[in-house]
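Structure data follow from model38.pdb (PDB, C-alpha atoms, pLDDT in the B column):
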MODEL        1
ATOM      1  CA  GLY R 608     107.154  83.395  77.577  1.00 55.00           C
ATOM      2  CA  SER R 609     104.042  85.518  77.857  1.00 61.00           C
ATOM      3  CA  SER R 610     105.466  87.908  80.430  1.00 69.00           C
ATOM      4  CA  LYS R 611     105.158  91.522  79.405  1.00 75.00           C
ATOM      5  CA  SER R 612     107.625  94.261  80.017  1.00 91.00           C
ATOM      6  CA  PRO R 613     106.413  96.562  82.819  1.00 93.00           C
ATOM      7  CA  LEU R 614     106.298  99.325  80.208  1.00 93.00           C
ATOM      8  CA  HIS R 615     103.354  97.643  78.475  1.00 94.00           C
ATOM      9  CA  VAL R 616     101.292  96.667  81.524  1.00 95.00           C
ATOM     10  CA  ARG R 617      98.095  98.694  82.047  1.00 96.00           C
ATOM     11  CA  GLU R 618      96.327  96.535  84.628  1.00 96.00           C
ATOM     12  CA  LEU R 619      97.861  94.705  87.552  1.00 94.00           C
ATOM     13  CA  VAL R 620      95.989  92.466  89.995  1.00 93.00           C
ATOM     14  CA  LEU R 621      97.943  91.741  93.155  1.00 91.00           C
ATOM     15  CA  ASP R 622      95.080  90.484  95.324  1.00 91.00           C
ATOM     16  CA  ASN R 623      96.180  88.510  98.375  1.00 89.00           C
ATOM     17  CA  CYS R 624      99.844  89.342  97.830  1.00 87.00           C
ATOM     18  CA  ARG R 625     101.949  89.901 100.904  1.00 82.00           C
ATOM     19  CA  SER R 626     103.291  93.345 101.583  1.00 84.00           C
ATOM     20  CA  ASN R 627     106.640  93.860 103.256  1.00 82.00           C
ATOM     21  CA  GLU R 628     106.974  97.095 105.242  1.00 79.00           C
ATOM     22  CA  GLY R 629     104.465  98.783 102.949  1.00 78.00           C
ATOM     23  CA  LYS R 630     106.145  97.654  99.761  1.00 83.00           C
ATOM     24  CA  ILE R 631     104.828  95.037  97.381  1.00 86.00           C
ATOM     25  CA  GLU R 632     107.387  92.752  95.828  1.00 82.00           C
ATOM     26  CA  GLY R 633     107.540  93.231  92.083  1.00 84.00           C
ATOM     27  CA  LEU R 634     105.629  96.513  92.014  1.00 90.00           C
ATOM     28  CA  THR R 635     108.139  99.089  90.865  1.00 91.00           C
ATOM     29  CA  ALA R 636     108.204 102.508  89.251  1.00 93.00           C
ATOM     30  CA  GLU R 637     108.916 100.739  85.943  1.00 95.00           C
ATOM     31  CA  PHE R 638     105.145 100.286  85.507  1.00 95.00           C
ATOM     32  CA  VAL R 639     104.902 103.766  84.005  1.00 95.00           C
ATOM     33  CA  ASN R 640     101.721 103.060  81.994  1.00 96.00           C
ATOM     34  CA  LEU R 641      99.826 101.298  84.776  1.00 96.00           C
ATOM     35  CA  GLU R 642      96.246 102.583  85.008  1.00 96.00           C
ATOM     36  CA  PHE R 643      94.478 100.034  87.209  1.00 95.00           C
ATOM     37  CA  LEU R 644      95.863  98.357  90.314  1.00 93.00           C
ATOM     38  CA  SER R 645      94.018  95.875  92.514  1.00 92.00           C
ATOM     39  CA  LEU R 646      95.360  95.340  96.037  1.00 89.00           C
ATOM     40  CA  ILE R 647      92.500  93.459  97.716  1.00 88.00           C
ATOM     41  CA  ASN R 648      93.526  91.631 100.898  1.00 86.00           C
ATOM     42  CA  VAL R 649      97.114  92.825 100.627  1.00 85.00           C
ATOM     43  CA  GLY R 650      97.158  94.277 104.130  1.00 78.00           C
ATOM     44  CA  LEU R 651      99.019  97.477 103.364  1.00 77.00           C
ATOM     45  CA  LEU R 652      98.901 100.076 106.099  1.00 72.00           C
ATOM     46  CA  SER R 653      99.581 103.010 103.796  1.00 73.00           C
ATOM     47  CA  VAL R 654     100.353 103.780 100.178  1.00 74.00           C
ATOM     48  CA  SER R 655     103.294 106.030 101.007  1.00 79.00           C
ATOM     49  CA  ASN R 656     105.859 103.349 100.165  1.00 81.00           C
ATOM     50  CA  LEU R 657     104.313 102.400  96.853  1.00 84.00           C
ATOM     51  CA  PRO R 658     106.112 103.650  93.753  1.00 88.00           C
ATOM     52  CA  LYS R 659     104.817 106.835  92.166  1.00 88.00           C
ATOM     53  CA  LEU R 660     102.862 105.764  89.102  1.00 91.00           C
ATOM     54  CA  GLY R 661     101.819 108.817  87.140  1.00 92.00           C
ATOM     55  CA  LYS R 662      99.106 107.252  84.968  1.00 95.00           C
ATOM     56  CA  LEU R 663      97.404 105.306  87.734  1.00 93.00           C
ATOM     57  CA  LYS R 664      93.663 106.058  87.683  1.00 93.00           C
ATOM     58  CA  LYS R 665      92.119 103.470  89.973  1.00 90.00           C
ATOM     59  CA  VAL R 666      93.308 101.418  92.913  1.00 87.00           C
ATOM     60  CA  THR R 667      91.009  98.772  94.347  1.00 85.00           C
ATOM     61  CA  ARG R 668      91.836  98.009  97.946  1.00 81.00           C
ATOM     62  CA  GLN R 669      88.889  96.630  99.894  1.00 74.00           C
ATOM     63  CA  GLN R 670      89.505  94.499 102.951  1.00 62.00           C
ATOM     64  CA  ASN R 671      92.710  96.306 103.802  1.00 51.00           C
ATOM     65  CA  LEU R 672      93.553  98.228 106.925  1.00 53.00           C
ATOM     66  CA  TRP R 673      94.314 101.751 105.775  1.00 50.00           C
ATOM     67  CA  GLN R 674      95.571 104.653 107.794  1.00 50.00           C
ATOM     68  CA  PRO R 675      94.156 107.964 106.562  1.00 47.00           C
TER      69      PRO R 675
ENDMDL
END

What is this file in structure tokens?
Amino acid sequence: GSSKSPLHVRELVLDNCRSNEGKIEGLTAEFVNLEFLSLINVGLLSVSNLPKLGKLKKVTRQQNLWQP
């Protein structure tokens, strides 16, 4: 198949995905090289439950309800 290992993924678009208690299914700390993440319309309340992704440079998250 064309599925890449999380190690090789640099951009991930998860627009309109459902979040479960602040976690997004499939988004794990294995995405160590992820630089761009799009979470439009995901409905997360905070990013505290997202995995720590050290290379992440940009997160797009319009139309979400965010707590400061």

When you count all atoms listed in the file, which of these residues is closest to Asp622 (chain R): R:Thr635, R:Ser653, R:Asn640, R:Ser645?
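Checking each of R:Thr635, R:Ser653, R:Asn640, R:Ser645 against Asp622 (chain R), counting all atoms listed in the file, the winner is R:Ser645.
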
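Here CA of Val666 (chain R) and CA of Lys611 (chain R) stand 20.5 Å from one another.
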
Name the residues that the PyMOL selection byres ((chain R and resi 662) around 8) picks from the file above, as a PyMOL selection string, using the file's chain letters and numbers.
chain R and resi 639-642+660-661+663-664

Please write out, as AutoDock Vina command-line options, where the centre of an axis-aligned box around all listed atoms of region 612-619 of chain R lies and how long its edges are, in Å to one decimal, after adding 4 Å on each side.
--center_x 102.0 --center_y 96.8 --center_z 83.0 --size_x 19.3 --size_y 13.1 --size_z 17.1

Selection result for the PyMOL selection byres ((chain R and resi 621) around 8) on this file, as a CSV table (one decimal) with C-alpha atoms, in the coordinates of the input:
chain,number,residue,atom,x,y,z
R,619,LEU,CA,97.9,94.7,87.6
R,620,VAL,CA,96.0,92.5,90.0
R,622,ASP,CA,95.1,90.5,95.3
R,623,ASN,CA,96.2,88.5,98.4
R,624,CYS,CA,99.8,89.3,97.8
R,644,LEU,CA,95.9,98.4,90.3
R,645,SER,CA,94.0,95.9,92.5
R,646,LEU,CA,95.4,95.3,96.0
R,647,ILE,CA,92.5,93.5,97.7
R,649,VAL,CA,97.1,92.8,100.6

Smallest atom-to-atom distance to Arg617 (chain R): which of R:Asn648, R:Lys630, R:Glu637, R:Asn656, using all atoms listed in the file?
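Among the listed residues, R:Glu637 lies closest to Arg617 (chain R).
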
Report the residues retrieved by the PyMOL selection byres ((chain R and resi 613) around 6) from the displayed file, expressed as a ChimeraX atom specification.
/R:612,614-616,637-638

For the selection just defined, write its residues with C-alpha atoms to a file, as a JSON list (two decimals), keeping the file's coordinate frame.
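Heads up, here's the output in result_23.json:
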[["chain", "number", "residue", "atom", "x", "y", "z"],
["R", 612, "SER", "CA", 107.62, 94.26, 80.02],
["R", 614, "LEU", "CA", 106.30, 99.32, 80.21],
["R", 615, "HIS", "CA", 103.35, 97.64, 78.47],
["R", 616, "VAL", "CA", 101.29, 96.67, 81.52],
["R", 637, "GLU", "CA", 108.92, 100.74, 85.94],
["R", 638, "PHE", "CA", 105.14, 100.29, 85.51]]

Here CA of Glu632 (chain R) and CA of Thr667 (chain R) stand apart by 17.5 Å

Region 620-638 of chain R rebuilt with N, CA, C and O atoms, output as an mmCIF file, in the coordinates of the input:
data_model
loop_
_atom_site.group_PDB
_atom_site.id
_atom_site.type_symbol
_atom_site.label_atom_id
_atom_site.label_comp_id
_atom_site.auth_asym_id
_atom_site.auth_seq_id
_atom_site.Cartn_x
_atom_site.Cartn_y
_atom_site.Cartn_z
ATOM 1 N N VAL R 620 96.790 92.994 88.893
ATOM 2 C CA VAL R 620 95.989 92.466 89.995
ATOM 3 C C VAL R 620 96.931 91.752 90.955
ATOM 4 O O VAL R 620 97.544 90.754 90.607
ATOM 5 N N LEU R 621 97.041 92.308 92.148
ATOM 6 C CA LEU R 621 97.943 91.741 93.155
ATOM 7 C C LEU R 621 97.166 91.317 94.393
ATOM 8 O O LEU R 621 97.676 91.372 95.503
ATOM 9 N N ASP R 622 95.907 90.881 94.193
ATOM 10 C CA ASP R 622 95.080 90.484 95.324
ATOM 11 C C ASP R 622 95.756 89.378 96.127
ATOM 12 O O ASP R 622 96.324 88.444 95.569
ATOM 13 N N ASN R 623 95.663 89.507 97.434
ATOM 14 C CA ASN R 623 96.180 88.510 98.375
ATOM 15 C C ASN R 623 97.704 88.392 98.372
ATOM 16 O O ASN R 623 98.246 87.454 98.943
ATOM 17 N N CYS R 624 98.390 89.338 97.736
ATOM 18 C CA CYS R 624 99.844 89.342 97.830
ATOM 19 C C CYS R 624 100.264 89.832 99.211
ATOM 20 O O CYS R 624 99.551 90.575 99.872
ATOM 21 N N ARG R 625 101.419 89.441 99.625
ATOM 22 C CA ARG R 625 101.949 89.901 100.904
ATOM 23 C C ARG R 625 102.707 91.204 100.699
ATOM 24 O O ARG R 625 103.479 91.339 99.746
ATOM 25 N N SER R 626 102.500 92.120 101.624
ATOM 26 C CA SER R 626 103.291 93.345 101.583
ATOM 27 C C SER R 626 104.380 93.254 102.632
ATOM 28 O O SER R 626 104.210 92.627 103.677
ATOM 29 N N ASN R 627 105.500 93.879 102.353
ATOM 30 C CA ASN R 627 106.640 93.860 103.256
ATOM 31 C C ASN R 627 107.014 95.299 103.577
ATOM 32 O O ASN R 627 107.530 96.004 102.726
ATOM 33 N N GLU R 628 106.695 95.724 104.809
ATOM 34 C CA GLU R 628 106.974 97.095 105.242
ATOM 35 C C GLU R 628 106.374 98.117 104.279
ATOM 36 O O GLU R 628 107.001 99.119 103.940
ATOM 37 N N GLY R 629 105.157 97.834 103.806
ATOM 38 C CA GLY R 629 104.465 98.783 102.949
ATOM 39 C C GLY R 629 104.861 98.730 101.492
ATOM 40 O O GLY R 629 104.370 99.509 100.686
ATOM 41 N N LYS R 630 105.755 97.813 101.160
ATOM 42 C CA LYS R 630 106.145 97.654 99.761
ATOM 43 C C LYS R 630 105.620 96.327 99.257
ATOM 44 O O LYS R 630 105.507 95.366 100.012
ATOM 45 N N ILE R 631 105.303 96.275 97.979
ATOM 46 C CA ILE R 631 104.828 95.037 97.381
ATOM 47 C C ILE R 631 105.889 94.542 96.418
ATOM 48 O O ILE R 631 106.292 95.265 95.510
ATOM 49 N N GLU R 632 106.325 93.321 96.649
ATOM 50 C CA GLU R 632 107.387 92.752 95.828
ATOM 51 C C GLU R 632 106.973 92.733 94.364
ATOM 52 O O GLU R 632 105.882 92.287 94.020
ATOM 53 N N GLY R 633 107.813 93.241 93.505
ATOM 54 C CA GLY R 633 107.540 93.231 92.083
ATOM 55 C C GLY R 633 106.859 94.483 91.563
ATOM 56 O O GLY R 633 106.854 94.731 90.365
ATOM 57 N N LEU R 634 106.276 95.278 92.465
ATOM 58 C CA LEU R 634 105.629 96.513 92.014
ATOM 59 C C LEU R 634 106.647 97.643 92.081
ATOM 60 O O LEU R 634 107.040 98.067 93.159
ATOM 61 N N THR R 635 107.089 98.084 90.920
ATOM 62 C CA THR R 635 108.139 99.089 90.865
ATOM 63 C C THR R 635 107.701 100.276 90.023
ATOM 64 O O THR R 635 106.668 100.239 89.349
ATOM 65 N N ALA R 636 108.488 101.309 90.037
ATOM 66 C CA ALA R 636 108.204 102.508 89.251
ATOM 67 C C ALA R 636 108.358 102.262 87.755
ATOM 68 O O ALA R 636 108.088 103.156 86.961
ATOM 69 N N GLU R 637 108.796 101.054 87.362
ATOM 70 C CA GLU R 637 108.916 100.739 85.943
ATOM 71 C C GLU R 637 107.554 100.597 85.271
ATOM 72 O O GLU R 637 107.450 100.637 84.046
ATOM 73 N N PHE R 638 106.491 100.436 86.073
ATOM 74 C CA PHE R 638 105.145 100.286 85.507
ATOM 75 C C PHE R 638 104.573 101.669 85.179
ATOM 76 O O PHE R 638 103.555 102.089 85.717
#
